[in-house]
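Enquirer: Provided below: start24.tsv, containing TSV, C-alpha atoms.
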chain	number	residue	atom	x	y	z
U	1	MET	CA	14.03	-15.52	13.10
U	2	LYS	CA	11.04	-13.80	14.63
U	3	ALA	CA	8.29	-12.17	12.63
U	4	ALA	CA	5.30	-10.17	13.81
U	5	VAL	CA	2.15	-9.92	11.73
U	6	VAL	CA	-0.01	-6.87	12.42
U	7	VAL	CA	-3.78	-7.38	12.67
U	8	PHE	CA	-6.13	-4.47	12.00
U	9	PRO	CA	-9.92	-4.65	12.11
U	10	GLY	CA	-10.66	-5.73	8.54
U	11	SER	CA	-7.35	-7.50	7.85
U	12	ASN	CA	-8.11	-10.75	6.06
U	13	CYS	CA	-4.72	-12.04	4.89
U	14	ASP	CA	-3.05	-11.88	8.31
U	15	ARG	CA	-3.23	-15.62	8.96
U	16	ASP	CA	-2.18	-16.48	5.41
U	17	LEU	CA	0.88	-14.26	5.83
U	18	ALA	CA	1.67	-15.86	9.20
U	19	VAL	CA	1.40	-19.37	7.68
U	20	ALA	CA	3.72	-18.42	4.81
U	21	PHE	CA	6.32	-17.06	7.27
U	22	ARG	CA	5.97	-20.13	9.54
U	23	ASN	CA	6.30	-22.58	6.65
U	24	ALA	CA	9.51	-20.80	5.69
U	25	GLY	CA	10.85	-21.38	9.22
U	26	ALA	CA	9.97	-18.19	11.11
U	27	ASP	CA	8.46	-17.89	14.59
U	28	VAL	CA	5.43	-15.69	14.18
U	29	GLU	CA	3.54	-13.57	16.67
U	30	MET	CA	0.37	-11.71	15.82
U	31	VAL	CA	0.16	-8.12	17.09
U	32	TRP	CA	-3.00	-6.07	17.47
U	33	HIS	CA	-3.34	-2.58	16.01
U	34	LYS	CA	-3.84	-1.06	19.47
U	35	ASP	CA	-0.54	-2.42	20.77
U	36	THR	CA	1.99	0.35	21.19
U	37	ASP	CA	5.11	-1.82	20.98
U	38	LEU	CA	6.30	-4.73	18.92
U	39	PRO	CA	7.30	-7.86	20.89
U	40	ALA	CA	10.98	-7.93	21.84
U	41	GLY	CA	13.44	-9.33	19.33
U	42	ILE	CA	11.31	-8.95	16.21
U	43	ASP	CA	13.31	-9.13	12.97
U	44	MET	CA	10.47	-8.68	10.52
U	45	VAL	CA	7.05	-7.04	10.58
U	46	GLY	CA	4.42	-8.26	8.13
U	47	VAL	CA	1.62	-5.84	7.29
U	48	PRO	CA	-1.11	-7.98	5.74
U	49	GLY	CA	-3.72	-7.55	3.07
U	50	GLY	CA	-7.37	-6.93	3.67
U	51	PHE	CA	-9.61	-3.94	4.16
U	52	SER	CA	-8.32	-2.31	7.33
U	53	PHE	CA	-10.99	-0.06	8.82
U	54	GLY	CA	-13.23	-0.80	5.84
U	55	ASP	CA	-10.99	1.26	3.53
U	56	TYR	CA	-12.73	4.31	5.03
U	57	LEU	CA	-11.34	7.72	4.04
U	58	ARG	CA	-8.54	6.16	1.92
U	59	CYS	CA	-7.20	2.62	1.82
U	60	GLY	CA	-4.76	2.23	4.69
U	61	ALA	CA	-5.14	5.80	6.00
U	62	ILE	CA	-6.74	5.00	9.34
U	63	ALA	CA	-4.51	1.96	9.91
U	64	ALA	CA	-1.44	4.10	9.22
U	65	ASN	CA	-2.37	6.26	12.21
U	66	SER	CA	-2.97	3.36	14.61
U	67	PRO	CA	-0.69	2.94	17.66
U	68	ILE	CA	1.14	-0.11	16.27
U	69	CYS	CA	2.11	1.76	13.12
U	70	LYS	CA	4.21	4.19	15.16
U	71	ALA	CA	6.15	1.15	16.41
U	72	VAL	CA	6.39	-0.26	12.87
U	73	LYS	CA	7.74	3.08	11.65
U	74	SER	CA	10.41	3.19	14.36
U	75	HIS	CA	11.29	-0.44	13.59
U	76	ALA	CA	11.80	0.52	9.92
U	77	GLU	CA	13.78	3.64	10.91
U	78	ARG	CA	16.07	1.45	13.04
U	79	GLY	CA	16.79	-0.64	9.94
U	80	GLY	CA	14.27	-3.41	10.70
U	81	TYR	CA	12.63	-5.41	7.94
U	82	VAL	CA	9.02	-4.75	6.96
U	83	PHE	CA	6.91	-6.53	4.37
U	84	GLY	CA	3.59	-5.00	3.28
U	85	VAL	CA	1.23	-6.90	1.01
U	86	CYS	CA	-1.75	-5.32	-0.77
U	87	ASN	CA	-3.54	-3.29	1.93
U	88	GLY	CA	-0.25	-3.58	3.81
U	89	PHE	CA	1.51	-1.80	0.92
U	90	GLN	CA	-1.17	0.91	1.06
U	91	VAL	CA	-0.57	1.26	4.82
U	92	LEU	CA	3.20	1.58	4.26
U	93	THR	CA	2.72	4.39	1.73
U	94	GLU	CA	0.23	6.14	4.03
U	95	THR	CA	2.75	6.04	6.92
U	96	GLY	CA	5.45	7.40	4.63
U	97	ILE	CA	7.65	4.32	5.16
U	98	LEU	CA	7.49	3.83	1.39
U	99	PRO	CA	7.01	6.66	-1.13
U	100	GLY	CA	4.01	7.21	-3.41
U	101	ALA	CA	0.36	6.22	-3.15
U	102	LEU	CA	-2.03	3.61	-4.50
U	103	LEU	CA	-4.87	5.08	-6.56
U	104	ARG	CA	-8.12	3.49	-7.72
U	105	ASN	CA	-7.51	0.97	-10.53
U	106	ALA	CA	-7.62	2.74	-13.91
U	107	GLY	CA	-10.43	0.42	-15.07
U	108	LEU	CA	-12.38	1.13	-11.84
U	109	LYS	CA	-12.92	-2.59	-11.26
U	110	TYR	CA	-11.81	-4.75	-8.37
U	111	ILE	CA	-9.46	-7.29	-9.97
U	112	CYS	CA	-8.94	-10.78	-8.57
U	113	LYS	CA	-6.75	-13.00	-10.73
U	114	THR	CA	-3.29	-14.47	-11.07
U	115	VAL	CA	-0.90	-12.22	-12.97
U	116	GLY	CA	2.64	-12.47	-14.30
U	117	LEU	CA	5.25	-10.49	-12.38
U	118	LYS	CA	8.73	-9.81	-13.64
U	119	VAL	CA	11.35	-9.85	-10.91
U	120	GLU	CA	13.28	-6.63	-11.50
U	121	THR	CA	16.04	-7.09	-8.95
U	122	SER	CA	17.47	-9.93	-6.94
U	123	GLN	CA	19.38	-7.40	-4.82
U	124	SER	CA	17.26	-7.61	-1.66
U	125	ALA	CA	16.67	-10.14	1.07
U	126	PHE	CA	13.13	-10.56	-0.29
U	127	THR	CA	14.02	-11.19	-3.91
U	128	GLU	CA	17.40	-12.92	-3.75
U	129	GLY	CA	15.68	-16.29	-4.21
U	130	TYR	CA	14.78	-15.23	-7.75
U	131	ASN	CA	16.89	-14.16	-10.70
U	132	ALA	CA	16.31	-10.70	-12.12
U	133	GLY	CA	14.17	-11.21	-15.20
U	134	ASP	CA	12.31	-14.25	-13.84
U	135	VAL	CA	8.56	-14.15	-14.44
U	136	VAL	CA	6.48	-15.54	-11.59
U	137	ASP	CA	2.73	-16.10	-11.30
U	138	ILE	CA	1.22	-14.41	-8.24
U	139	PRO	CA	-2.43	-13.53	-7.51
U	140	ILE	CA	-3.66	-9.97	-7.20
U	141	ALA	CA	-6.89	-8.95	-5.45
U	142	HIS	CA	-7.37	-5.22	-5.22
U	143	HIS	CA	-9.43	-2.18	-6.19
U	144	ASP	CA	-6.76	0.42	-5.47
U	145	GLY	CA	-3.44	-0.86	-6.78
U	146	ASN	CA	-2.58	1.84	-9.28
U	147	TYR	CA	0.84	2.98	-8.08
U	148	PHE	CA	1.44	6.71	-8.37
U	149	THR	CA	4.28	8.99	-7.36
U	150	ASP	CA	5.90	12.20	-8.57
U	151	ASP	CA	8.42	12.18	-11.42
U	152	ALA	CA	11.43	12.78	-9.18
U	153	THR	CA	10.58	9.83	-6.91
U	154	LEU	CA	9.84	7.62	-9.89
U	155	SER	CA	13.23	8.42	-11.43
U	156	ALA	CA	14.93	7.72	-8.10
U	157	LEU	CA	13.15	4.35	-7.75
U	158	GLU	CA	14.29	3.40	-11.25
U	159	ALA	CA	17.86	4.71	-10.82
U	160	ASP	CA	18.37	3.03	-7.45
U	161	ASP	CA	17.05	-0.37	-8.60
U	162	ARG	CA	14.22	-0.16	-6.05
U	163	ILE	CA	11.48	-1.58	-8.24
U	164	ALA	CA	11.17	-5.16	-7.01
U	165	PHE	CA	8.41	-6.42	-9.31
U	166	ARG	CA	6.65	-5.18	-12.43
U	167	TYR	CA	3.46	-6.52	-14.01
U	168	THR	CA	4.04	-8.24	-17.33
U	169	PHE	CA	0.60	-6.90	-18.38
U	170	ASN	CA	-0.42	-3.82	-16.43
U	171	PRO	CA	-3.81	-4.59	-14.82
U	172	ASN	CA	-4.45	-1.34	-12.97
U	173	GLY	CA	-2.75	1.63	-14.61
U	174	SER	CA	0.22	1.57	-12.25
U	175	LEU	CA	3.09	3.90	-13.28
U	176	HIS	CA	5.89	2.04	-15.08
U	177	ASP	CA	3.93	-1.22	-14.46
U	178	ILE	CA	5.10	-1.12	-10.84
U	179	ALA	CA	3.80	-3.96	-8.66
U	180	GLY	CA	6.22	-3.65	-5.73
U	181	ILE	CA	8.94	-1.32	-4.46
U	182	LEU	CA	11.79	-1.40	-1.96
U	183	SER	CA	12.84	1.23	0.57
U	184	GLU	CA	16.13	3.06	0.20
U	185	ASN	CA	17.88	0.57	2.53
U	186	ARG	CA	16.14	-2.33	0.65
U	187	ARG	CA	14.75	-3.73	3.92
U	188	VAL	CA	11.15	-2.69	3.36
U	189	LEU	CA	9.17	-4.24	0.52
U	190	GLY	CA	5.63	-3.22	-0.38
U	191	MET	CA	3.75	-5.03	-3.13
U	192	MET	CA	0.15	-5.28	-4.32
U	193	PRO	CA	0.26	-8.97	-5.41
U	194	HIS	CA	-0.08	-11.70	-2.78
U	195	PRO	CA	2.91	-14.09	-2.64
U	196	GLU	CA	1.39	-15.67	0.49
U	197	ARG	CA	-1.43	-16.91	-1.74
U	198	ALA	CA	1.07	-18.76	-3.94
U	199	ALA	CA	3.14	-20.43	-1.25
U	200	ASP	CA	1.67	-23.92	-0.98
U	201	PRO	CA	0.87	-26.55	-3.63
U	202	GLY	CA	-2.74	-26.36	-2.41
U	203	HIS	CA	-2.89	-22.75	-3.61
U	204	GLY	CA	-2.42	-23.89	-7.19
U	205	GLY	CA	1.00	-22.24	-7.40
U	206	THR	CA	4.16	-21.93	-5.32
U	207	ASP	CA	5.97	-19.05	-7.02
U	208	GLY	CA	5.68	-16.94	-3.87
U	209	GLN	CA	7.49	-19.47	-1.69
U	210	ALA	CA	10.97	-18.31	-2.76
U	211	LEU	CA	10.31	-14.84	-1.32
U	212	PHE	CA	9.49	-16.14	2.16
U	213	ARG	CA	12.30	-18.71	2.13
U	214	ALA	CA	14.82	-16.10	1.01
U	215	VAL	CA	13.96	-13.46	3.58
U	216	VAL	CA	13.49	-15.87	6.48
U	217	GLY	CA	16.73	-17.66	5.52
U	218	GLN	CA	18.62	-14.38	5.29
U	219	LEU	CA	17.40	-13.17	8.70
U	220	THR	CA	17.96	-16.56	10.35
U	221	SER	CA	21.59	-16.75	9.28
U	222	ALA	CA	22.19	-13.09	10.16
B	1	MET	CA	-18.67	25.45	14.95
B	2	LYS	CA	-18.56	23.80	11.57
B	3	ALA	CA	-15.70	23.53	9.14
B	4	THR	CA	-15.81	22.03	5.68
B	5	VAL	CA	-12.84	20.39	4.04
B	6	HIS	CA	-12.80	19.78	0.28
B	7	VAL	CA	-10.37	17.08	-0.84
B	8	MET	CA	-9.59	16.68	-4.54
B	9	LEU	CA	-7.06	14.65	-6.50
B	10	LYS	CA	-4.28	16.99	-7.60
B	11	ASN	CA	-4.19	18.20	-11.17
B	12	GLY	CA	-2.15	15.75	-13.17
B	13	VAL	CA	-3.29	12.75	-11.12
B	14	LEU	CA	-5.59	10.62	-13.26
B	15	ASP	CA	-9.12	10.51	-11.84
B	16	PRO	CA	-10.69	7.38	-13.34
B	17	GLN	CA	-13.95	7.92	-11.43
B	18	GLY	CA	-14.32	11.44	-12.80
B	19	GLU	CA	-13.62	10.07	-16.28
B	20	ALA	CA	-16.31	7.40	-15.86
B	21	VAL	CA	-18.81	10.06	-14.78
B	22	ARG	CA	-17.87	12.19	-17.79
B	23	HIS	CA	-18.51	9.23	-20.14
B	24	ALA	CA	-21.83	8.50	-18.44
B	25	LEU	CA	-22.94	12.14	-18.86
B	26	GLY	CA	-22.02	11.93	-22.54
B	27	ALA	CA	-24.03	8.72	-22.87
B	28	LEU	CA	-27.06	10.54	-21.40
B	29	GLY	CA	-26.78	13.12	-24.15
B	30	PHE	CA	-25.18	15.93	-22.15
B	31	ASP	CA	-22.77	17.29	-24.71
B	32	GLY	CA	-19.93	19.61	-23.94
B	33	VAL	CA	-18.78	18.13	-20.63
B	34	ASN	CA	-15.06	18.47	-21.17
B	35	GLY	CA	-13.90	17.15	-17.85
B	36	VAL	CA	-15.16	15.80	-14.51
B	37	ARG	CA	-13.13	15.60	-11.32
B	38	GLN	CA	-14.62	13.85	-8.30
B	39	GLY	CA	-13.57	14.61	-4.77
B	40	LYS	CA	-14.72	14.44	-1.16
B	41	VAL	CA	-16.39	16.88	1.17
B	42	ILE	CA	-15.73	16.36	4.88
B	43	GLU	CA	-17.80	18.28	7.43
B	44	LEU	CA	-16.27	18.76	10.86
B	45	ASP	CA	-18.22	19.73	13.93
B	46	LEU	CA	-15.61	21.46	16.07
B	47	ALA	CA	-15.29	22.87	19.56
B	48	ASP	CA	-15.46	26.67	19.56
B	49	GLY	CA	-12.05	28.22	19.29
B	50	THR	CA	-10.60	25.55	17.01
B	51	SER	CA	-8.29	27.41	14.67
B	52	GLU	CA	-7.89	27.08	10.96
B	53	ALA	CA	-4.32	25.97	11.66
B	54	ASP	CA	-5.73	23.02	13.66
B	55	VAL	CA	-7.93	22.01	10.73
B	56	THR	CA	-4.99	22.36	8.36
B	57	ALA	CA	-3.00	20.03	10.61
B	58	MET	CA	-5.89	17.52	10.47
B	59	CYS	CA	-5.78	17.69	6.67
B	60	GLU	CA	-2.03	17.22	6.53
B	61	ARG	CA	-1.97	14.31	8.95
B	62	LEU	CA	-5.09	12.39	8.01
B	63	LEU	CA	-7.85	13.92	5.92
B	64	ALA	CA	-5.82	14.32	2.73
B	65	ASN	CA	-2.91	12.36	1.30
B	66	THR	CA	-0.84	15.22	-0.05
B	67	VAL	CA	1.08	12.87	-2.34
B	68	ILE	CA	-2.03	12.69	-4.52
B	69	GLU	CA	-4.61	15.08	-3.07
B	70	SER	CA	-5.03	18.78	-2.47
B	71	TYR	CA	-7.41	20.22	0.10
B	72	ARG	CA	-9.25	23.44	0.85
B	73	VAL	CA	-10.59	24.42	4.28
B	74	GLU	CA	-13.73	26.52	4.67
B	75	MET	CA	-14.41	28.00	8.06
B	76	PRO	CA	-17.06	30.52	9.08
Could you render the structure from this file as C-alpha cells?
Expert:
Amino acid sequence: MKAAVVVFPGSNCDRDLAVAFRNAGADVEMVWHKDTDLPAGIDMVGVPGGFSFGDYLRCGAIAANSPICKAVKSHAERGGYVFGVCNGFQVLTETGILPGALLRNAGLKYICKTVGLKVETSQSAFTEGYNAGDVVDIPIAHHDGNYFTDDATLSALEADDRIAFRYTFNPNGSLHDIAGILSENRRVLGMMPHPERAADPGHGGTDGQALFRAVVGQLTSA
Amino acid sequence: MKATVHVMLKNGVLDPQGEAVRHALGALGFDGVNGVRQGKVIELDLADGTSEADVTAMCERLLANTVIESYRVEMP
C-alpha cells in the first residue's frame, strides 16, 4: 500500500503522519505543494496538520488552492482515499472535498490537550478497527476546530452515518460535537484530533494506532 | 485602480471574536452595545479594466469561504 503525505510551507505534522503510516506497514512518499501530480500508484493521500501558509486569510485556504490540491481533488473524485488531520481537515473543507468549515474555537483559545472521542461508526476503512461506541483518547491542538455547516448538510451527515468521531466533551463549540467526518463514499476522512500523536507507546497513548492499521490493512489486502 | 472587499461571517454563524469585543466594550463601561460582528477588509490594487465580475470571481474562489462568509465588493 502506497501513501503520499503532502507538505505545505508551515506543515508541522507531516513527518508524524508519515511515521504513523509507515509503522502500520505503508510505503510513504512525501509530496511538495508545488507538485502538480501525485506519484503513480498512490492509494492514500495524507494531508497533515500544521499551519500551512501561516493560516493567512483563513486556515487552509491558500493550501487548498495549491497545485497539489488539484491532484488530491481528482484523486478523491476517482474514489481514492484521503485522510486530513487538523489543518489537513481545514484544507479538505476549503477544497470542497468535505463539506462545511472550521470556525474559530468558541472559547477563542488555542487548545492543546488529550480529549475523549467517541467512535460513531465502524463502517469505514479508517474506523473499522474500532467498535462504534468506543471512547478513545486522542490529542487535539487547534485554534479553529469549531465545525460548522448548514442544517441540510448536518442532517445528511447524521442520516448517512458520516460522522466518524464526536467529542465526549465539546472543547470548541463544534456543531453536534463533531470531531471528524467522512465523505459520501466513506473514503475521505477529515478530523481535527491527531491520531498520529497517539500511535506509539512513546506518545503516552496508542489509541490512534488502530486507525492507521485498519486503513493500511484494508488497502493492502485490496 | 483600487477595489475593496468586505468579508463578514454570515448572519447565523456564531462570531466568538465579535462577542468577545462586545463583552470588552461592556467592561469598559460602554453600555448599549447590543452586538458586534468582526470581519475583514481586503484592498486590491488592480490593473485598469479589471471588471467587478473578476473581483467577484476572486471572492468566490479564494477571498471568502461562502460556506460561512458573505462578501461585498466596492469598486470606484
Enquirer: What's around Leu46 of chain B at 10 Å? Count only C-alpha atoms, leave out sequence neighbours fewer than 3 positions away in its own chain, and write the answer as an MDAnalysis selection string.
Expert: chainID B and resid 1:3 43 49:51 55
Enquirer: Using all atoms listed in the file, find each residue of chain U with at least one atom at most 10 Å away from an atom of chain B; report its shortest atom-to-atom pair and that distance in Å (one decimal), sort the rows by chain and rising residue number, and return the result as JSON lines.
Expert:
{"residue": "U:Leu57", "atom": "CA", "partner": "B:Leu63", "partner_atom": "CA", "distance": 7.4}
{"residue": "U:Arg58", "atom": "CA", "partner": "B:Asn65", "partner_atom": "CA", "distance": 8.4}
{"residue": "U:Ala61", "atom": "CA", "partner": "B:Leu62", "partner_atom": "CA", "distance": 6.9}
{"residue": "U:Ile62", "atom": "CA", "partner": "B:Leu62", "partner_atom": "CA", "distance": 7.7}
{"residue": "U:Ala64", "atom": "CA", "partner": "B:Leu62", "partner_atom": "CA", "distance": 9.1}
{"residue": "U:Asn65", "atom": "CA", "partner": "B:Leu62", "partner_atom": "CA", "distance": 7.9}
{"residue": "U:Thr93", "atom": "CA", "partner": "B:Val67", "partner_atom": "CA", "distance": 9.5}
{"residue": "U:Glu94", "atom": "CA", "partner": "B:Asn65", "partner_atom": "CA", "distance": 7.5}
{"residue": "U:Thr95", "atom": "CA", "partner": "B:Arg61", "partner_atom": "CA", "distance": 9.7}
{"residue": "U:Gly96", "atom": "CA", "partner": "B:Val67", "partner_atom": "CA", "distance": 9.9}
{"residue": "U:Pro99", "atom": "CA", "partner": "B:Val67", "partner_atom": "CA", "distance": 8.7}
{"residue": "U:Gly100", "atom": "CA", "partner": "B:Val67", "partner_atom": "CA", "distance": 6.5}
{"residue": "U:Ala101", "atom": "CA", "partner": "B:Val67", "partner_atom": "CA", "distance": 6.7}
{"residue": "U:Leu102", "atom": "CA", "partner": "B:Ile68", "partner_atom": "CA", "distance": 9.1}
{"residue": "U:Leu103", "atom": "CA", "partner": "B:Ile68", "partner_atom": "CA", "distance": 8.4}
{"residue": "U:Arg104", "atom": "CA", "partner": "B:Pro16", "partner_atom": "CA", "distance": 7.3}
{"residue": "U:Asn105", "atom": "CA", "partner": "B:Pro16", "partner_atom": "CA", "distance": 7.7}
{"residue": "U:Ala106", "atom": "CA", "partner": "B:Pro16", "partner_atom": "CA", "distance": 5.6}
{"residue": "U:Gly107", "atom": "CA", "partner": "B:Pro16", "partner_atom": "CA", "distance": 7.2}
{"residue": "U:Leu108", "atom": "CA", "partner": "B:Pro16", "partner_atom": "CA", "distance": 6.6}
{"residue": "U:Phe148", "atom": "CA", "partner": "B:Ile68", "partner_atom": "CA", "distance": 7.9}
{"residue": "U:Thr149", "atom": "CA", "partner": "B:Val67", "partner_atom": "CA", "distance": 7.1}
{"residue": "U:Asp150", "atom": "CA", "partner": "B:Val67", "partner_atom": "CA", "distance": 7.9}
{"residue": "U:Gly173", "atom": "CA", "partner": "B:Leu14", "partner_atom": "CA", "distance": 9.5}
Enquirer: For the selection just defined, write its residues with C-alpha atoms to a file, as a PDB file, keeping the file's coordinate frame.
Expert:
ATOM      1  CA  LEU U  57     -11.340   7.720   4.040  1.00  0.00           C
ATOM      2  CA  ARG U  58      -8.540   6.160   1.920  1.00  0.00           C
ATOM      3  CA  ALA U  61      -5.140   5.800   6.000  1.00  0.00           C
ATOM      4  CA  ILE U  62      -6.740   5.000   9.340  1.00  0.00           C
ATOM      5  CA  ALA U  64      -1.440   4.100   9.220  1.00  0.00           C
ATOM      6  CA  ASN U  65      -2.370   6.260  12.210  1.00  0.00           C
ATOM      7  CA  THR U  93       2.720   4.390   1.730  1.00  0.00           C
ATOM      8  CA  GLU U  94       0.230   6.140   4.030  1.00  0.00           C
ATOM      9  CA  THR U  95       2.750   6.040   6.920  1.00  0.00           C
ATOM     10  CA  GLY U  96       5.450   7.400   4.630  1.00  0.00           C
ATOM     11  CA  PRO U  99       7.010   6.660  -1.130  1.00  0.00           C
ATOM     12  CA  GLY U 100       4.010   7.210  -3.410  1.00  0.00           C
ATOM     13  CA  ALA U 101       0.360   6.220  -3.150  1.00  0.00           C
ATOM     14  CA  LEU U 102      -2.030   3.610  -4.500  1.00  0.00           C
ATOM     15  CA  LEU U 103      -4.870   5.080  -6.560  1.00  0.00           C
ATOM     16  CA  ARG U 104      -8.120   3.490  -7.720  1.00  0.00           C
ATOM     17  CA  ASN U 105      -7.510   0.970 -10.530  1.00  0.00           C
ATOM     18  CA  ALA U 106      -7.620   2.740 -13.910  1.00  0.00           C
ATOM     19  CA  GLY U 107     -10.430   0.420 -15.070  1.00  0.00           C
ATOM     20  CA  LEU U 108     -12.380   1.130 -11.840  1.00  0.00           C
ATOM     21  CA  PHE U 148       1.440   6.710  -8.370  1.00  0.00           C
ATOM     22  CA  THR U 149       4.280   8.990  -7.360  1.00  0.00           C
ATOM     23  CA  ASP U 150       5.900  12.200  -8.570  1.00  0.00           C
ATOM     24  CA  GLY U 173      -2.750   1.630 -14.610  1.00  0.00           C
TER      25      GLY U 173
END
Enquirer: For the atom pair atom CA of Ala24 of chain U and atom CA of Asp207 of chain U, what is the interatomic distance in Å to one decimal place?
Expert: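 About the pair atom CA of Ala24 of chain U and atom CA of Asp207 of chain U: they are 13.3 Å apart.
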Enquirer: Tell me, as a PyMOL selection string, which residues lie within 10 Å of Val21 of chain B, counting all atoms listed in the file; anything in the same chain fewer than 4 positions away does not count.
Expert: chain B and resi 16-17+25-27+33+35-38
Enquirer: Take the residues that were just selected and, keeping C-alpha atoms, output them as a JSON list (two decimals), in the coordinates of the input.
Expert:
[["chain", "number", "residue", "atom", "x", "y", "z"],
["B", 16, "PRO", "CA", -10.69, 7.38, -13.34],
["B", 17, "GLN", "CA", -13.95, 7.92, -11.43],
["B", 25, "LEU", "CA", -22.94, 12.14, -18.86],
["B", 26, "GLY", "CA", -22.02, 11.93, -22.54],
["B", 27, "ALA", "CA", -24.03, 8.72, -22.87],
["B", 33, "VAL", "CA", -18.78, 18.13, -20.63],
["B", 35, "GLY", "CA", -13.90, 17.15, -17.85],
["B", 36, "VAL", "CA", -15.16, 15.80, -14.51],
["B", 37, "ARG", "CA", -13.13, 15.60, -11.32],
["B", 38, "GLN", "CA", -14.62, 13.85, -8.30]]
Enquirer: For atom CA of Ser174 of chain U and atom CA of Leu189 of chain U, quote the distance in Å rounded to one decimal.
Expert: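 Result for atom CA of Ser174 of chain U versus atom CA of Leu189 of chain U: 16.6 Å, one decimal.
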Enquirer: May I ask for the distance between atom CA of Asp137 of chain U and atom CA of Gly116 of chain U, given in Å to one decimal place?
Expert: 4.7 Å
Enquirer: Please return as a PyMOL selection string every residue within 12 Å of (20.7, -11.0, -2.4), taking into account all atoms listed in the file and the file's own coordinates.
Expert: chain U and resi 121-132+186-187+211+214-215+217-219
Enquirer: Determine, counting all atoms listed in the file, which protein, DNA and RNA residues have an atom within 8 Å of an atom of Lys34 of chain U; residues of the same chain fewer than 5 positions away are not included. Present the result as a list in words.
Expert: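 The contact residues come out as Ser66, Pro67 and Ile68 of chain U.
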Enquirer: Check the smallest atom-to-atom distance from each of U:Lys113, U:His203, U:His75, U:Arg166 to Val136 of chain U using only C-alpha atoms, then report the winner.
Expert: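 So, comparing all the options, the nearest one is U:Arg166.
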Enquirer: Ranking U:Ser52, U:Ser183, U:Gln209, U:Asn170 by minimum distance to Gln90 of chain U and counting all atoms listed in the file, which one comes first?
Expert: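 Comparing U:Ser52, U:Ser183, U:Gln209, U:Asn170 against Gln90 of chain U, the winner is U:Ser52.
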Enquirer: Do you know which residues are at most 6 Å from segment 196-198 of chain U counting only C-alpha atoms, after dropping those on the same chain fewer than 6 positions away, and could you put them as a PyMOL selection string?
Expert: chain U and resi 17+20+205-208
Enquirer: Report, as lines of an AutoDock Vina configuration file, the axis-aligned box around all atoms of segment 36-45 of chain B present in the file, extended by 3 Å on each side; give centre and edge lengths in Å to one decimal place.
Expert:
center_x = -15.7
center_y = 16.8
center_z = -0.3
size_x = 11.1
size_y = 11.9
size_z = 34.4
